[in-house]
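Asker: For reference, this is model30.csv, and it has CSV, C-alpha atoms.
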```
chain,number,residue,atom,x,y,z
A,1,MET,CA,142.0,191.8,137.5
A,2,HIS,CA,140.5,189.3,140.1
A,3,ILE,CA,137.4,188.6,137.8
A,4,GLY,CA,139.7,187.3,135.0
A,5,ARG,CA,141.3,184.7,137.3
A,6,GLY,CA,137.8,183.5,138.4
A,7,ARG,CA,136.7,182.7,134.9
A,8,LYS,CA,139.9,180.9,134.3
A,9,GLY,CA,139.4,178.7,137.5
A,10,LEU,CA,135.9,178.0,136.5
A,11,TRP,CA,137.1,176.8,133.1
A,12,LEU,CA,139.8,174.7,134.7
A,13,GLY,CA,137.2,173.2,137.0
A,14,LEU,CA,134.8,172.5,134.3
A,15,SER,CA,137.6,171.0,132.2
A,16,GLY,CA,138.7,168.7,135.0
A,17,PHE,CA,135.1,167.5,135.4
A,18,LEU,CA,134.9,166.7,131.8
A,19,VAL,CA,138.2,164.8,131.9
A,20,VAL,CA,136.9,162.7,134.8
A,21,VAL,CA,133.6,162.0,133.0
A,22,GLY,CA,135.6,161.0,129.9
A,23,VAL,CA,137.8,158.7,131.8
A,24,LEU,CA,134.8,157.1,133.4
A,25,LEU,CA,133.2,156.6,130.0
A,26,ILE,CA,136.3,155.1,128.7
A,27,ALA,CA,136.7,152.8,131.7
A,28,LEU,CA,133.1,151.7,131.8
A,29,PRO,CA,133.3,148.9,129.1
A,30,PHE,CA,136.3,147.4,130.8
A,31,VAL,CA,134.4,147.4,134.1
A,32,SER,CA,131.5,145.7,132.4
A,33,GLN,CA,133.8,143.1,130.8
A,34,ALA,CA,135.4,142.4,134.2
A,35,LYS,CA,132.0,142.0,135.7
A,36,SER,CA,130.9,139.7,132.9
A,37,ALA,CA,134.1,137.7,133.4
A,38,ASP,CA,133.4,137.5,137.0
A,39,ALA,CA,129.9,136.4,136.3
A,40,GLY,CA,131.2,133.7,133.9
A,41,SER,CA,133.6,132.5,136.5
A,42,SER,CA,130.9,132.5,139.0
A,43,ALA,CA,128.6,130.5,136.7
A,44,GLN,CA,131.4,128.0,136.0
A,45,HIS,CA,132.0,127.7,139.7
A,46,THR,CA,128.3,127.2,140.2
A,47,VAL,CA,128.3,124.3,137.8
A,48,ALA,CA,131.3,122.8,139.4
A,49,THR,CA,130.2,123.4,143.0
A,50,SER,CA,126.4,123.3,142.7
A,51,GLY,CA,126.1,122.2,146.3
A,52,THR,CA,127.9,125.3,147.6
A,53,THR,CA,126.0,127.6,145.3
A,54,THR,CA,122.7,126.0,146.5
A,55,GLN,CA,123.7,126.5,150.1
A,56,SER,CA,124.6,130.1,149.3
A,57,ALA,CA,121.1,130.6,147.8
A,58,ILE,CA,119.6,129.1,150.9
A,59,ARG,CA,121.5,131.5,153.1
A,60,VAL,CA,120.1,134.5,151.3
A,61,GLY,CA,116.5,133.2,151.7
A,62,GLN,CA,116.1,131.8,148.1
A,63,ALA,CA,116.2,128.2,149.0
A,64,THR,CA,112.9,127.1,147.7
A,65,THR,CA,113.2,129.0,144.4
A,66,ALA,CA,116.8,127.8,143.8
A,67,GLN,CA,116.1,124.2,144.6
A,68,ALA,CA,113.0,124.2,142.4
A,69,ALA,CA,115.0,125.7,139.5
A,70,ILE,CA,117.8,123.2,139.9
A,71,GLU,CA,115.5,120.2,140.0
A,72,THR,CA,113.6,121.5,137.0
A,73,THR,CA,116.9,122.0,135.1
A,74,VAL,CA,118.2,118.6,136.0
A,75,ALA,CA,115.0,116.8,135.2
A,76,SER,CA,114.9,118.5,131.8
A,77,ALA,CA,118.5,117.5,131.2
A,78,ILE,CA,117.8,113.9,132.1
A,79,SER,CA,114.7,113.7,130.0
A,80,ALA,CA,116.5,115.1,127.1
A,81,ARG,CA,119.4,112.6,127.5
A,82,ARG,CA,117.0,109.7,127.8
A,83,ALA,CA,115.2,110.8,124.7
A,84,SER,CA,118.4,111.0,122.7
A,85,THR,CA,120.0,107.8,124.1
A,86,PRO,CA,118.7,104.5,122.8
A,87,SER,CA,117.9,101.7,125.3
A,88,PRO,CA,120.4,98.8,125.5
A,89,ALA,CA,118.2,96.7,123.3
A,90,THR,CA,117.8,99.5,120.8
A,91,ALA,CA,121.5,100.3,120.9
A,92,ALA,CA,122.3,96.6,120.2
A,93,THR,CA,119.9,96.6,117.3
A,94,VAL,CA,121.4,99.8,115.8
A,95,ALA,CA,124.9,98.4,116.2
A,96,VAL,CA,124.0,95.2,114.4
A,97,ALA,CA,122.1,97.0,111.7
A,98,ALA,CA,125.2,99.1,111.1
A,99,VAL,CA,127.3,96.1,110.3
A,100,PRO,CA,127.2,95.0,106.6
A,101,ILE,CA,125.5,91.6,106.1
A,102,SER,CA,128.7,90.2,104.5
A,103,ALA,CA,130.9,91.3,107.4
A,104,PRO,CA,131.9,88.6,109.8
A,105,VAL,CA,130.6,89.1,113.3
A,106,ALA,CA,132.9,88.1,116.2
A,107,THR,CA,131.3,86.0,118.8
A,108,THR,CA,132.4,84.0,121.8
A,109,GLN,CA,129.5,81.6,121.6
A,110,SER,CA,130.2,78.1,120.2
A,111,VAL,CA,128.1,76.8,117.4
A,112,VAL,CA,125.7,74.2,118.7
A,113,PRO,CA,125.7,71.1,116.5
A,114,PRO,CA,122.4,69.5,115.4
A,115,THR,CA,121.2,67.0,118.0
A,116,GLY,CA,119.3,64.7,115.6
A,117,PRO,CA,120.7,61.8,113.5
A,118,SER,CA,122.6,62.6,110.3
A,119,LEU,CA,120.6,61.6,107.2
A,120,GLU,CA,123.6,61.7,104.9
A,121,ALA,CA,123.2,58.0,104.1
A,122,TYR,CA,119.8,58.7,102.6
A,123,ARG,CA,120.7,61.7,100.5
A,124,GLY,CA,121.3,61.7,96.8
A,125,LEU,CA,121.7,58.6,94.6
A,126,GLY,CA,121.6,55.1,96.1
A,127,SER,CA,121.8,51.6,94.8
A,128,TRP,CA,120.5,48.3,96.2
A,129,VAL,CA,121.9,44.8,96.7
A,130,ASP,CA,119.8,42.0,98.2
A,131,ILE,CA,121.0,38.6,99.4
A,132,TYR,CA,120.0,37.0,96.1
A,133,ASP,CA,122.2,39.2,93.9
A,134,THR,CA,124.8,36.7,92.9
A,135,LYS,CA,126.7,39.1,90.7
A,136,ALA,CA,127.3,41.6,93.4
A,137,TRP,CA,128.2,39.0,96.1
A,138,LYS,CA,130.6,37.2,93.8
A,139,ASN,CA,132.7,40.4,93.2
A,140,PRO,CA,131.8,43.1,95.8
A,141,SER,CA,134.8,45.2,94.8
A,142,ALA,CA,133.8,45.4,91.2
A,143,ALA,CA,130.1,46.1,92.2
A,144,VAL,CA,131.1,49.0,94.5
A,145,ALA,CA,133.5,50.4,91.9
A,146,ASP,CA,130.7,50.4,89.3
A,147,MET,CA,128.4,52.2,91.7
A,148,ALA,CA,130.9,54.8,92.6
A,149,GLY,CA,131.7,55.4,88.9
A,150,HIS,CA,128.0,56.3,88.3
A,151,GLY,CA,127.8,58.7,91.2
A,152,VAL,CA,126.2,56.5,93.8
A,153,ARG,CA,126.6,57.9,97.3
A,154,THR,CA,125.0,55.0,99.3
A,155,LEU,CA,124.9,51.3,99.1
A,156,TYR,CA,121.9,49.6,100.6
A,157,ILE,CA,122.7,46.0,101.3
A,158,GLU,CA,120.5,43.2,102.8
A,159,THR,CA,122.1,41.4,105.6
A,160,ALA,CA,119.4,38.7,106.0
A,161,ASN,CA,115.7,38.1,106.3
A,162,SER,CA,113.5,36.1,108.7
A,163,ARG,CA,113.4,33.1,106.4
A,164,SER,CA,117.2,32.9,105.7
A,165,SER,CA,119.3,30.1,107.3
A,166,PHE,CA,121.9,32.7,108.4
A,167,ALA,CA,121.9,35.8,110.6
A,168,LEU,CA,124.4,37.6,108.4
A,169,LYS,CA,124.9,37.0,104.7
A,170,ASN,CA,128.6,36.0,104.2
A,171,PRO,CA,130.3,38.2,106.8
A,172,PRO,CA,133.7,38.4,105.0
A,173,VAL,CA,132.0,39.7,101.8
A,174,LEU,CA,129.9,42.1,103.9
A,175,ALA,CA,133.2,43.4,105.3
A,176,THR,CA,134.5,43.9,101.8
A,177,PHE,CA,131.4,45.8,100.7
A,178,ILE,CA,131.9,48.2,103.7
A,179,ARG,CA,135.6,48.7,103.2
A,180,GLU,CA,135.3,49.2,99.4
A,181,ALA,CA,132.4,51.7,99.8
A,182,HIS,CA,134.0,53.7,102.5
A,183,ALA,CA,137.3,53.8,100.6
A,184,ARG,CA,135.4,55.5,97.8
A,185,GLY,CA,133.6,58.0,100.0
A,186,MET,CA,130.3,56.1,100.0
A,187,LEU,CA,128.1,55.2,102.9
A,188,VAL,CA,126.5,51.8,103.6
A,189,VAL,CA,123.0,51.1,105.0
A,190,ALA,CA,122.2,47.6,106.3
A,191,TRP,CA,118.6,46.4,105.8
A,192,TYR,CA,116.7,43.4,107.1
A,193,LEU,CA,113.3,41.9,106.2
A,194,PRO,CA,111.4,40.6,109.3
A,195,ASP,CA,108.1,38.7,109.3
A,196,MET,CA,107.5,39.5,112.9
A,197,THR,CA,106.1,36.1,113.8
A,198,HIS,CA,109.2,35.3,115.8
A,199,THR,CA,110.3,38.8,116.9
A,200,SER,CA,113.1,37.4,119.1
A,201,ILE,CA,114.8,35.9,116.0
A,202,ASP,CA,114.2,39.1,114.0
A,203,TYR,CA,115.6,41.3,116.8
A,204,ALA,CA,118.7,39.1,117.4
A,205,ARG,CA,119.5,39.3,113.7
A,206,ILE,CA,119.0,43.1,113.7
A,207,VAL,CA,121.4,43.3,116.7
A,208,GLN,CA,124.0,41.5,114.7
A,209,ALA,CA,123.6,43.7,111.7
A,210,VAL,CA,123.8,46.9,113.6
A,211,GLY,CA,126.8,45.7,115.6
A,212,PHE,CA,128.7,44.2,112.7
A,213,GLN,CA,132.3,45.4,112.3
A,214,THR,CA,135.1,44.7,109.9
A,215,SER,CA,138.5,43.6,111.3
A,216,ASP,CA,139.6,47.2,111.3
A,217,GLY,CA,136.5,48.5,113.1
A,218,GLN,CA,134.4,49.8,110.2
A,219,LYS,CA,130.6,49.6,110.6
A,220,PHE,CA,127.4,50.2,108.7
A,221,ASP,CA,126.4,53.8,108.6
A,222,SER,CA,122.7,53.2,109.2
A,223,PHE,CA,120.1,50.5,109.5
A,224,ALA,CA,116.7,50.3,107.7
A,225,LEU,CA,113.9,47.9,108.4
A,226,ASP,CA,112.0,46.4,105.4
A,227,ILE,CA,108.4,46.6,106.5
A,228,GLU,CA,106.2,44.6,104.1
A,229,SER,CA,105.6,41.1,105.4
A,230,GLY,CA,101.9,40.1,105.9
A,231,ALA,CA,102.8,36.9,107.7
A,232,ILE,CA,100.8,38.1,110.7
A,233,LYS,CA,97.2,38.1,109.2
A,234,SER,CA,95.6,40.4,111.8
A,235,GLU,CA,96.5,44.0,111.0
A,236,SER,CA,96.1,45.1,114.5
A,237,ALA,CA,98.4,42.3,115.8
A,238,ARG,CA,100.8,43.0,112.9
A,239,ASN,CA,100.9,46.7,113.9
A,240,ARG,CA,101.5,45.8,117.6
A,241,ALA,CA,104.4,43.5,116.7
A,242,LEU,CA,105.9,46.1,114.3
A,243,GLY,CA,105.6,48.8,117.0
A,244,ALA,CA,107.3,46.6,119.6
A,245,LEU,CA,110.1,45.6,117.3
A,246,SER,CA,110.6,49.2,116.2
A,247,SER,CA,110.8,50.4,119.8
A,248,ARG,CA,113.4,47.8,120.6
A,249,ILE,CA,115.5,48.8,117.6
A,250,ARG,CA,115.4,52.5,118.6
A,251,GLY,CA,116.3,51.5,122.2
A,252,LEU,CA,119.2,49.5,120.8
A,253,VAL,CA,120.8,52.2,118.6
A,254,GLY,CA,119.9,55.3,120.6
A,255,ALA,CA,118.3,58.6,119.6
A,256,LYS,CA,121.2,59.9,117.4
A,257,TYR,CA,121.5,56.8,115.2
A,258,PRO,CA,119.8,57.2,111.8
A,259,LEU,CA,117.0,54.7,111.1
A,260,GLY,CA,115.2,54.2,107.9
A,261,ALA,CA,111.7,52.7,107.4
A,262,ILE,CA,111.4,50.9,104.1
A,263,ILE,CA,107.7,50.9,103.5
A,264,PRO,CA,105.3,49.6,100.8
A,265,SER,CA,104.2,51.9,98.1
A,266,PRO,CA,101.5,54.3,99.5
A,267,THR,CA,99.8,54.2,96.2
A,268,GLY,CA,99.9,50.4,96.2
A,269,LEU,CA,98.5,50.3,99.7
A,270,ALA,CA,95.6,52.5,98.6
A,271,LYS,CA,94.9,50.3,95.7
A,272,LYS,CA,95.4,46.9,97.3
A,273,LEU,CA,92.6,46.9,99.9
A,274,GLY,CA,92.8,44.2,102.5
A,275,TYR,CA,96.6,44.0,102.5
A,276,TRP,CA,97.4,46.6,105.1
A,277,ASP,CA,94.6,49.1,105.3
A,278,ALA,CA,95.6,50.5,108.7
A,279,PHE,CA,99.2,51.0,107.8
A,280,PRO,CA,100.9,52.7,110.8
A,281,TYR,CA,102.4,55.7,109.1
A,282,THR,CA,102.2,58.0,112.2
A,283,MET,CA,103.8,55.4,114.5
A,284,LEU,CA,106.7,54.8,112.1
A,285,ALA,CA,107.3,58.6,111.8
A,286,GLN,CA,107.7,58.8,115.5
A,287,THR,CA,110.4,56.1,115.6
A,288,TYR,CA,112.2,56.3,112.3
A,289,ASP,CA,114.1,59.3,110.8
A,290,VAL,CA,113.4,58.8,107.1
A,291,PHE,CA,110.8,57.0,105.0
A,292,VAL,CA,112.1,54.8,102.1
A,293,PRO,CA,109.0,53.9,100.1
A,294,MET,CA,109.1,51.1,97.6
A,295,SER,CA,107.5,53.3,94.9
A,296,TYR,CA,107.8,50.6,92.2
A,297,TYR,CA,106.1,52.4,89.4
A,298,THR,CA,106.7,49.4,87.3
A,299,TYR,CA,103.9,47.6,89.1
A,300,HIS,CA,101.3,50.3,88.3
A,301,GLY,CA,101.7,51.2,84.6
A,302,LYS,CA,103.9,51.7,81.6
A,303,GLY,CA,105.6,54.8,80.1
A,304,GLY,CA,107.1,58.0,81.4
A,305,SER,CA,103.8,59.6,82.2
A,306,ALA,CA,102.6,56.7,84.3
A,307,ALA,CA,105.9,56.6,86.2
A,308,TYR,CA,105.8,60.4,86.9
A,309,ALA,CA,102.2,60.3,88.1
A,310,ASP,CA,102.8,57.2,90.3
A,311,THR,CA,105.9,58.8,91.9
A,312,LEU,CA,104.1,62.0,92.8
A,313,SER,CA,101.1,60.1,94.1
A,314,ASN,CA,103.3,58.2,96.5
A,315,VAL,CA,104.8,61.3,97.9
A,316,ARG,CA,101.5,63.1,98.1
A,317,ILE,CA,99.8,60.2,100.0
A,318,LEU,CA,102.7,59.8,102.4
A,319,ARG,CA,103.0,63.5,103.3
A,320,ALA,CA,99.2,63.7,103.9
A,321,GLN,CA,99.4,61.2,106.7
A,322,LYS,CA,99.3,62.6,110.3
A,323,GLY,CA,102.8,63.4,111.5
A,324,CYS,CA,104.4,62.6,108.2
A,325,SER,CA,104.4,66.0,106.4
A,326,ALA,CA,108.0,66.8,107.3
A,327,THR,CA,109.5,63.4,107.4
A,328,PRO,CA,112.4,63.1,104.9
A,329,ILE,CA,111.8,60.7,102.0
A,330,HIS,CA,114.2,58.6,99.9
A,331,LEU,CA,112.2,57.0,97.1
A,332,ILE,CA,113.0,53.6,95.6
A,333,GLY,CA,111.8,53.7,92.0
A,334,GLY,CA,110.8,50.8,89.7
A,335,ILE,CA,112.4,47.4,89.4
A,336,ALA,CA,115.4,48.2,87.3
A,337,GLU,CA,115.3,45.3,84.8
A,338,ASN,CA,111.6,46.1,84.1
A,339,SER,CA,112.1,49.8,83.6
A,340,SER,CA,113.1,51.9,80.6
A,341,PRO,CA,115.4,54.9,80.6
A,342,SER,CA,112.4,57.2,79.8
A,343,GLU,CA,110.5,55.9,82.8
A,344,VAL,CA,113.6,56.3,85.0
A,345,GLY,CA,113.9,59.9,83.7
A,346,ALA,CA,110.3,60.6,84.6
A,347,PHE,CA,110.7,59.0,88.0
A,348,VAL,CA,113.8,61.2,88.7
A,349,ARG,CA,112.1,64.4,87.6
A,350,ALA,CA,109.1,63.6,89.9
A,351,ALA,CA,111.4,62.7,92.9
A,352,VAL,CA,113.5,65.8,92.5
A,353,GLY,CA,110.4,68.0,92.0
A,354,ALA,CA,108.9,66.6,95.1
A,355,ARG,CA,112.0,67.5,97.1
A,356,CYS,CA,112.9,64.0,98.2
A,357,VAL,CA,116.2,63.8,99.9
A,358,GLY,CA,117.3,61.0,97.7
A,359,ALA,CA,116.3,58.3,95.2
A,360,SER,CA,117.4,55.0,93.7
A,361,LEU,CA,116.4,52.1,91.5
A,362,TYR,CA,116.0,48.5,92.7
A,363,GLY,CA,118.6,47.1,92.3
A,364,TRP,CA,122.2,47.5,91.1
A,365,SER,CA,122.6,44.5,88.8
A,366,GLY,CA,119.5,45.4,86.7
A,367,THR,CA,120.4,49.1,86.2
A,368,THR,CA,121.5,49.8,82.6
A,369,SER,CA,123.8,52.4,81.2
A,370,GLY,CA,120.7,54.3,80.0
A,371,ASP,CA,119.2,54.2,83.4
A,372,TRP,CA,122.5,55.5,85.0
A,373,GLN,CA,122.5,58.4,82.6
A,374,GLU,CA,119.0,59.5,83.8
A,375,LEU,CA,119.9,58.9,87.5
A,376,LYS,CA,122.7,61.5,87.3
A,377,ALA,CA,120.2,64.2,87.9
A,378,ILE,CA,119.7,62.9,91.5
A,379,LYS,CA,121.8,65.2,93.7
A,380,PRO,CA,122.3,65.2,97.5
```
Kindly return the structure encoded in the file as structure tokens.
Answerer:
Amino acid sequence: MHIGRGRKGLWLGLSGFLVVVGVLLIALPFVSQAKSADAGSSAQHTVATSGTTTQSAIRVGQATTAQAAIETTVASAISARRASTPSPATAATVAVAAVPISAPVATTQSVVPPTGPSLEAYRGLGSWVDIYDTKAWKNPSAAVADMAGHGVRTLYIETANSRSSFALKNPPVLATFIREAHARGMLVVAWYLPDMTHTSIDYARIVQAVGFQTSDGQKFDSFALDIESGAIKSESARNRALGALSSRIRGLVGAKYPLGAIIPSPTGLAKKLGYWDAFPYTMLAQTYDVFVPMSYYTYHGKGGSAAYADTLSNVRILRAQKGCSATPIHLIGGIAENSSPSEVGAFVRAAVGARCVGASLYGWSGTTSGDWQELKAIKP
């Protein structure tokens, strides 16, 4: 009966062993998860406290290996970050490129205004009055109103010349011209014709023109020198006198005041040998802000084709001179009373095509209704 109890104990022992093994098998995954969690916590802690972890590695004799691994990892991370992060210049470019062209861009920088003289007085359509234009001087208000009605932006008015008995032509009427023009949104350019034989007289008269004011403080908007006198026979002496006078004028008005150089027709100069063969284009371009050539196609041919060709020739010759390729040009066309509307139209097409900043006929009193119709195409 003792053998039966022994088999039963053996069975019970074996059963207990199996139960223990089963429990262990069941518990093993949970132990692994716990270890993994501990490992994750340890890894997080290592990231947060890399210095402590490194010190621990050193303590267990793995200093060199651990440090090398950390440096390699950090270096790789920095390289990867640099590769994916644009430089400041590149970032700025990307940021700007991302903004639509039409979108306003905020800026704290002020806009820098242009430092050179304004050439508004020479842009678009102009009209001329000299000291001999009785009709205009008799009724300046009517003359200016007529100009404004035909789209004239600038009145060019002669104040005197070296042969006149006065320094300023009729100052009260000059004041009326200025007031009436300004009241209609027009500009006024004073011009003077010197002979340069007595530069002190020429300069004194120019000073009076530039400084002239109405009783309410209005002034001319620009000054232009009429350069055509051959009173000084020697060209070299004439050029020296012109250079000296021009320098004095620039010194008088300053760098920001607009000055115009009214010059002979370049085509005419090329044809009329012995008059002014060494004309100082370059010197004038260095002193004056705009060329105002007396194109005067009416002196060089008849018909629209001749007017067109002569106008383009003047521009081409002038811009071919050293230092003159970029100088703005306001062209004076033919003598109004000697020109036809078809010739005026050809002149206008050539001037506009040559990209002149402005154009006009000489002068106001001889301009007909047909001429004005053609001149409408001159825009600022």
Asker: For segment 252-266 of chain A, work out the shell of residues within 8 Å, counting all atoms listed in the file and skipping chain neighbours fewer than 6 positions away, then give it as a PyMOL selection string.
Answerer: chain A and resi 115-119+207+210+222-228+284+288-296+313-315+317-318
Asker: Give the answer as one residue: which of A:Val357, A:Ser365, A:Tyr308, A:Ala336 has the shortest atom-to-atom distance to Val144 of chain A, using all atoms listed in the file?
Answerer: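 Between A:Val357, A:Ser365, A:Tyr308, A:Ala336, the residue approaching Val144 of chain A most closely is A:Ser365.
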Asker: Take atom CA of Ser339 of chain A and atom CA of Thr298 of chain A and report the distance between them in Å, one decimal.
Answerer: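 If I compute the distance from atom CA of Ser339 of chain A to atom CA of Thr298 of chain A, I get 6.6 Å.
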Asker: What lies within 8 Å of segment 348-354 of chain A using only C-alpha atoms, ignoring chain neighbours under 3 positions off, as a ChimeraX atom specification?
Answerer: /A:308-309,311-312,315,331,344-345,358-359,374-375,377-378
Asker: Excluding same-chain residues fewer than 3 positions from Gln321 of chain A, what lies within 10 Å of it counting only C-alpha atoms, as a ChimeraX atom specification?
Answerer: /A:280-282,285,316-318,324-325
Asker: Which residue, A:Gln208, A:Trp372, A:His330, A:Tyr192, has the smallest gap to Gly124 of chain A when you use only C-alpha atoms?
Answerer: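 Among the listed residues, the smallest separation from Gly124 of chain A belongs to A:His330.
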Asker: Using all atoms listed in the file, pick whichever of A:Thr199, A:Thr176, A:Thr367, A:Gln373 has the shortest atom-to-atom distance to Gly333 of chain A.
Answerer: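 Using all atoms listed in the file, Gly333 of chain A sits closest to A:Thr367.
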Asker: Which distance in Å separates atom CA of Val129 of chain A and atom CA of Tyr156 of chain A, to one decimal?
Answerer: 6.2 Å
Asker: What is the distance between atom CA of Ala167 of chain A and atom CA of Arg205 of chain A, in Å to one decimal?
Answerer: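 Atom-to-atom, atom CA of Ala167 of chain A and atom CA of Arg205 of chain A are spaced 5.3 Å apart.
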Asker: Would you mind listing what lies within 12 Å of Arg184 of chain A as JSON, numbers by chain, with all atoms listed in the file counted and same-chain residues fewer than 5 positions away left out?
Answerer: {"A": [141, 144, 145, 146, 147, 148, 149, 151, 152, 153, 154, 155, 177, 178, 179]}
Asker: Show me, as a ChimeraX atom specification, the residues that have an atom within 8 Å of segment 300-303 of chain A when counting only C-alpha atoms, minus same-chain residues fewer than 4 positions from it.
Answerer: /A:296,307,310,342-343
Asker: With C-alpha atoms retained, write the just-selected residues as an mmCIF file, in the coordinates of the input.
Answerer:
```
data_model
loop_
_atom_site.group_PDB
_atom_site.id
_atom_site.type_symbol
_atom_site.label_atom_id
_atom_site.label_comp_id
_atom_site.auth_asym_id
_atom_site.auth_seq_id
_atom_site.Cartn_x
_atom_site.Cartn_y
_atom_site.Cartn_z
ATOM 1 C CA TYR A 296 107.800 50.600 92.200
ATOM 2 C CA ALA A 307 105.900 56.600 86.200
ATOM 3 C CA ASP A 310 102.800 57.200 90.300
ATOM 4 C CA SER A 342 112.400 57.200 79.800
ATOM 5 C CA GLU A 343 110.500 55.900 82.800
#
```
